[in-house]
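Source file work-v3.txt; content: compact mmCIF, C-alpha atoms.
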# COMPACT_ATOMS: atom_id res chain seq x y z
CA MET A 2 97.63 87.59 115.33
CA SER A 3 97.87 84.74 112.81
CA TYR A 4 100.91 84.66 110.55
CA MET A 5 100.56 83.70 106.89
CA ALA A 6 103.68 82.64 105.02
CA PRO A 7 103.70 83.17 101.26
CA GLU A 8 102.57 80.23 99.12
CA VAL A 9 105.62 78.13 98.25
CA VAL A 10 105.22 75.32 95.69
CA VAL A 11 108.47 73.71 94.50
CA VAL A 12 108.02 69.92 94.40
CA GLY A 13 104.22 69.84 94.07
CA ARG A 14 101.00 71.52 95.20
CA GLN A 15 99.81 68.19 96.67
CA PHE A 16 102.45 68.71 99.37
CA THR A 17 100.92 71.97 100.65
CA ALA A 18 98.21 72.54 103.25
CA PRO A 19 96.37 75.69 104.42
CA TYR A 20 97.55 75.04 107.98
CA GLN A 21 100.85 74.54 109.80
CA ILE A 22 102.40 71.06 109.41
CA ASP A 23 104.52 69.58 112.19
CA LEU A 24 106.85 66.80 111.08
CA THR A 25 109.40 64.59 112.80
CA ILE A 26 112.43 63.45 110.82
CA VAL A 27 114.45 60.56 112.20
CA ARG A 28 117.87 59.69 110.84
CA LYS A 29 118.78 56.05 111.44
CA MET A 30 122.54 56.10 111.79
CA MET A 31 123.24 52.41 112.38
CA THR A 32 122.15 51.11 108.99
CA ILE A 33 124.00 49.41 106.15
CA SER A 34 122.90 52.00 103.60
CA GLU A 35 123.85 55.37 105.06
CA GLY A 36 121.55 58.37 105.01
CA ASN A 37 118.28 56.62 105.81
CA PHE A 38 115.59 58.97 107.14
CA GLY A 39 111.96 58.45 108.13
CA VAL A 40 109.45 61.33 108.20
CA THR A 41 106.21 61.23 110.22
CA ASP A 42 103.40 63.69 110.87
CA ALA A 43 102.15 64.81 114.30
CA ASN A 44 100.08 61.60 114.62
CA GLY A 45 103.01 59.32 113.84
CA ASN A 46 101.85 58.47 110.30
CA ILE A 47 104.68 57.88 107.83
CA MET A 48 104.80 60.71 105.27
CA PHE A 49 108.14 60.14 103.54
CA LYS A 50 111.25 57.98 103.60
CA VAL A 51 114.71 58.92 102.39
CA LYS A 52 116.93 56.14 101.10
CA GLY A 53 120.65 56.53 100.56
CA LYS A 54 122.68 54.89 97.82
CA ALA A 55 125.64 53.94 100.03
CA LEU A 56 127.80 52.40 97.33
CA SER A 57 127.26 55.00 94.61
CA PHE A 58 130.29 57.05 93.55
CA ARG A 59 128.63 60.35 94.40
CA ALA A 60 126.45 60.75 97.49
CA ARG A 61 122.85 60.22 96.35
CA ARG A 62 119.52 60.19 98.19
CA VAL A 63 115.94 59.53 97.05
CA LEU A 64 112.87 61.01 98.77
CA LEU A 65 110.00 58.48 98.63
CA ASP A 66 106.35 58.84 99.57
CA ALA A 67 104.74 56.49 102.12
CA ASN A 68 104.13 53.91 99.35
CA GLY A 69 107.76 53.93 98.23
CA ASN A 70 107.27 56.03 95.06
CA PRO A 71 110.21 58.37 94.29
CA ILE A 72 109.31 62.06 94.58
CA VAL A 73 112.71 63.72 94.14
CA SER A 74 116.32 62.54 94.18
CA PHE A 75 119.32 64.57 95.22
CA GLN A 76 123.02 64.11 94.76
CA ARG A 77 126.15 65.97 95.72
CA LYS A 78 128.08 67.60 92.91
CA ILE A 79 131.58 66.12 92.75
CA MET A 80 134.52 68.52 93.16
CA SER A 81 132.24 71.30 94.35
CA MET A 82 133.93 74.01 96.45
CA HIS A 83 130.63 75.10 97.99
CA SER A 84 129.12 71.66 98.84
CA THR A 85 126.53 71.86 96.07
CA TRP A 86 123.59 69.43 95.96
CA LYS A 87 121.27 69.15 92.95
CA VAL A 88 117.68 67.94 93.26
CA TYR A 89 115.81 66.24 90.41
CA ARG A 90 112.22 65.14 89.86
CA GLY A 91 111.53 61.45 90.57
CA ASP A 92 114.54 59.14 90.46
CA SER A 93 116.16 61.13 87.63
CA ASN A 94 119.54 62.80 87.40
CA ASP A 95 118.85 64.37 83.98
CA SER A 96 119.46 68.13 83.84
CA ARG A 97 116.00 68.56 82.23
CA ASP A 98 114.44 67.24 85.45
CA LEU A 99 116.36 69.61 87.76
CA VAL A 100 114.05 71.18 90.37
CA PHE A 101 116.47 73.18 92.53
CA SER A 102 120.04 73.25 93.84
CA VAL A 103 121.50 74.01 97.28
CA GLN A 104 124.97 75.30 98.10
CA ARG A 105 126.92 76.89 100.92
CA SER A 106 126.73 80.70 100.82
CA SER A 107 130.48 80.90 101.42
CA LEU A 108 133.41 78.54 101.80
CA PHE A 109 134.21 79.17 105.46
CA GLN A 110 131.34 79.52 107.89
CA PHE A 111 130.97 79.73 111.63
CA LYS A 112 127.24 79.12 111.27
CA THR A 113 125.83 77.11 108.38
CA GLN A 114 124.21 79.27 105.71
CA LEU A 115 122.92 77.74 102.49
CA ASP A 116 121.47 79.33 99.36
CA VAL A 117 118.72 77.62 97.38
CA PHE A 118 118.22 78.28 93.66
CA LEU A 119 115.22 77.05 91.67
CA ALA A 120 115.99 75.47 88.28
CA SER A 121 114.23 78.37 86.53
CA ASN A 122 116.55 80.91 88.21
CA THR A 123 119.38 81.79 85.82
CA SER A 124 120.79 84.51 88.09
CA LYS A 125 123.07 83.08 90.76
CA ASP A 126 123.11 86.54 92.37
CA ASN A 127 119.52 86.19 93.55
CA ARG A 128 118.77 83.15 95.69
CA ASP A 129 115.18 81.93 95.94
CA PHE A 130 115.48 80.64 99.52
CA LYS A 131 117.99 80.83 102.34
CA ILE A 132 118.76 78.37 105.14
CA LYS A 133 120.46 79.59 108.31
CA GLY A 134 121.53 76.94 110.77
CA SER A 135 123.41 76.73 114.01
CA TRP A 136 124.66 73.29 114.89
CA PHE A 137 125.60 74.49 118.39
CA GLU A 138 121.94 75.29 118.95
CA LYS A 139 120.92 72.32 116.75
CA SER A 140 118.41 74.41 114.84
CA CYS A 141 117.80 76.04 111.48
CA THR A 142 115.41 78.51 109.87
CA ILE A 143 114.38 78.61 106.20
CA TYR A 144 113.58 81.99 104.63
CA ALA A 145 111.98 83.05 101.35
CA GLY A 146 114.47 84.78 99.03
CA ARG A 147 116.53 87.56 100.59
CA SER A 148 113.71 88.52 102.93
CA SER A 149 113.24 87.84 106.63
CA THR A 150 110.03 85.89 105.87
CA VAL A 151 110.23 82.51 107.60
CA ILE A 152 108.65 79.53 105.79
CA ALA A 153 109.88 76.69 108.05
CA GLN A 154 111.92 75.98 111.17
CA MET A 155 113.75 72.91 112.45
CA HIS A 156 115.38 71.93 115.72
CA ARG A 157 117.09 68.73 116.76
CA LYS A 158 115.52 66.74 119.60
CA SER A 159 117.94 64.92 121.86
CA SER A 160 117.06 62.13 124.24
CA PHE A 161 118.91 59.32 125.95
CA SER A 162 116.98 56.67 124.00
CA SER A 163 117.74 58.32 120.65
CA VAL A 164 121.47 58.22 121.45
CA VAL A 165 121.30 54.57 122.55
CA LEU A 166 119.28 53.57 119.45
CA GLY A 167 121.67 55.43 117.14
CA LYS A 168 119.08 57.90 115.85
CA ASP A 169 119.03 61.63 115.19
CA LYS A 170 115.59 63.19 115.58
CA PHE A 171 114.50 66.55 114.14
CA ALA A 172 111.26 68.47 114.75
CA VAL A 173 110.23 70.48 111.70
CA THR A 174 107.51 73.16 111.59
CA VAL A 175 106.30 74.00 108.08
CA TYR A 176 104.20 77.15 107.74
CA PRO A 177 100.80 77.14 105.97
CA ASN A 178 100.80 76.86 102.15
CA VAL A 179 104.48 75.85 102.08
CA ASP A 180 105.57 72.73 100.16
CA TYR A 181 106.55 70.31 102.94
CA ALA A 182 108.23 67.80 100.57
CA PHE A 183 110.56 70.67 99.57
CA ILE A 184 111.26 71.49 103.23
CA VAL A 185 112.05 67.83 104.06
CA ALA A 186 114.52 67.69 101.15
CA LEU A 187 116.22 70.88 102.42
CA VAL A 188 116.55 69.55 105.99
CA VAL A 189 118.06 66.27 104.74
CA ILE A 190 120.56 68.16 102.55
CA LEU A 191 121.42 70.49 105.46
CA GLU A 192 122.16 67.45 107.63
CA GLU A 193 124.29 65.88 104.88
CA ILE A 194 126.32 69.08 104.45
CA ASN A 195 126.84 69.33 108.22
CA GLU A 196 127.99 65.69 108.34
CA GLU A 197 130.35 66.48 105.43
CA GLY A 198 131.73 69.42 107.42
CA LYS A 199 132.34 67.21 110.46
CA SER A 200 134.19 64.53 108.51
CA GLY A 201 135.97 66.72 105.97
CA GLY A 202 136.34 70.07 107.73
CA GLY A 203 135.11 73.42 106.48
CA GLY A 204 131.92 74.37 108.22
CA GLY A 205 128.92 73.55 110.34

Target encoding C-alpha cells, full file:
Amino acid sequence: MSYMAPEVVVVGRQFTAPYQIDLTIVRKMMTISEGNFGVTDANGNIMFKVKGKALSFRARRVLLDANGNPIVSFQRKIMSMHSTWKVYRGDSNDSRDLVFSVQRSSLFQFKTQLDVFLASNTSKDNRDFKIKGSWFEKSCTIYAGRSSTVIAQMHRKSSFSSVVLGKDKFAVTVYPNVDYAFIVALVVILEEINEEGKSGGGGG
C-alpha cells in the first residue's frame, strides 16, 4: 500500500516532488565558520549548502542552493526561553519576510520536541508542524500539525571515518509532495538546538 503525505509547500513549490526524496546532510564540525552543512541527493549531487555566520552576535545560518543563491536564512532569537529560531526568505531578517518560526514545546524535555509555526499563523495554540526527536536514538520525525501524519524522518549515520573526519552525517527521508528545502531547514535548526542543549543545558 503506497502512502501519500499531504502536500506541504512552505519555502517554495520548486522544492517538492511527486516521489520520496532521500537526502544526506553532512555537518562539517572542524571549520572556521561554525554550522557549515552540505546536503546531497541519493546520487551524491549537491542540493543545498548551509553557511554559518560565526562572528555574528546572534547565531545565524543561510540555506543556499547548489549555485550559492540564498533561499532562506534563520537566526536564533536572543533571550528566548524556548530556544526560538526565526526563518526568513532569502538573506533577509525583516519581519515582513518571515516564513516560519521554530521553538521548543516546553522548557525542560527528556526528548526533544519542537513546534513549528508558519508566519501566517497568528494562534500560538495551534502549531502547523511538530518535530519529535530522540538524541539517544539519533533520530527525529516531523509531523503535520497536531496529527500523527508523518511528512519526513531523519536519523544520524555514524561511522568511524565520519568521526575521524570531524563530520556528522544525517539521512533524511522526505515524503512525496513535501517541501524538502523546508525539511532541511528544520533538521539544521533541530541540530543547532540540540547543540545548544549540550553546551548550555536544558534539553536534548

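Here the question is which of A:Thr113, A:Leu64, A:Val10, A:Val40 gets nearest to Asp129 of chain A using all atoms listed in the file, and that residue is A:Val10.
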
Please determine, counting all atoms listed in the file, which residue among A:Ile143, A:Met155, A:Ala182, A:Leu99 has the shortest atom-to-atom distance to Ile72 of chain A. A:Ala182

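Atom CA of Phe183 of chain A lies 9.1 Å from atom CA of Val73 of chain A.
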
Find the residues near Thr17 of chain A: any atom within 7 Å, counting all atoms listed in the file, skip ones fewer than 5 places away on the same chain, and give them as JSON, numbers by chain. {"A": [178, 179, 180, 181]}

Under the rule that only C-alpha atoms are counted, which of A:Ile79, A:Ile184, A:Leu24, A:Ala172 is the nearest residue to Tyr144 of chain A? A:Ile184

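Each of A:Ser135, A:Gly146, A:Tyr89, A:Tyr20 was checked against Ala120 of chain A using all atoms listed in the file; the smallest atom-to-atom distance is that of A:Tyr89.
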
Residues near Ile47 of chain A, anyone? I mean within 9 Å using all atoms listed in the file, not counting same-chain ones fewer than 6 positions away, as a list in words. Gly39, Val40, Thr41, Asp66 and Ala67 of chain A

Dump as a list in words all residues having an atom at most 12 Å from (112.2, 59.1, 88.3), computed in the file's coordinates with all atoms listed in the file.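 The answer, in the requested form, is Val63, Leu64, Leu65, Asn70, Pro71, Ile72, Val73, Ser74, Phe75, Val88, Tyr89, Arg90, Gly91, Asp92, Ser93, Asn94, Asp95, Arg97, Asp98 and Leu99 of chain A.
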
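Computed from the coordinates, the atom CA of Lys125 of chain A to atom CA of Val11 of chain A distance equals 17.7 Å.
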
In Å, rounded to a single decimal, give me how far atom CA of Arg147 of chain A is from atom CA of Ser107 of chain A.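 According to the coordinates, atom CA of Ser107 of chain A and atom CA of Arg147 of chain A are separated by 15.5 Å.
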
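Candidate residues A:Ser140, A:Thr150, A:Ser84, A:Ser124 were compared for distance to Phe171 of chain A, and the nearest is A:Ser140, using all atoms listed in the file.
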
Considering only C-alpha atoms, can you say which of A:Leu115, A:Lys29, A:Gly53, A:Phe38 comes closest to Ile194 of chain A? A:Leu115

Give me the residues within 7 Å of Asp42 of chain A as a ChimeraX atom specification, counting all atoms listed in the file and dropping any in the same chain fewer than 2 places off. /A:23-25,44-48
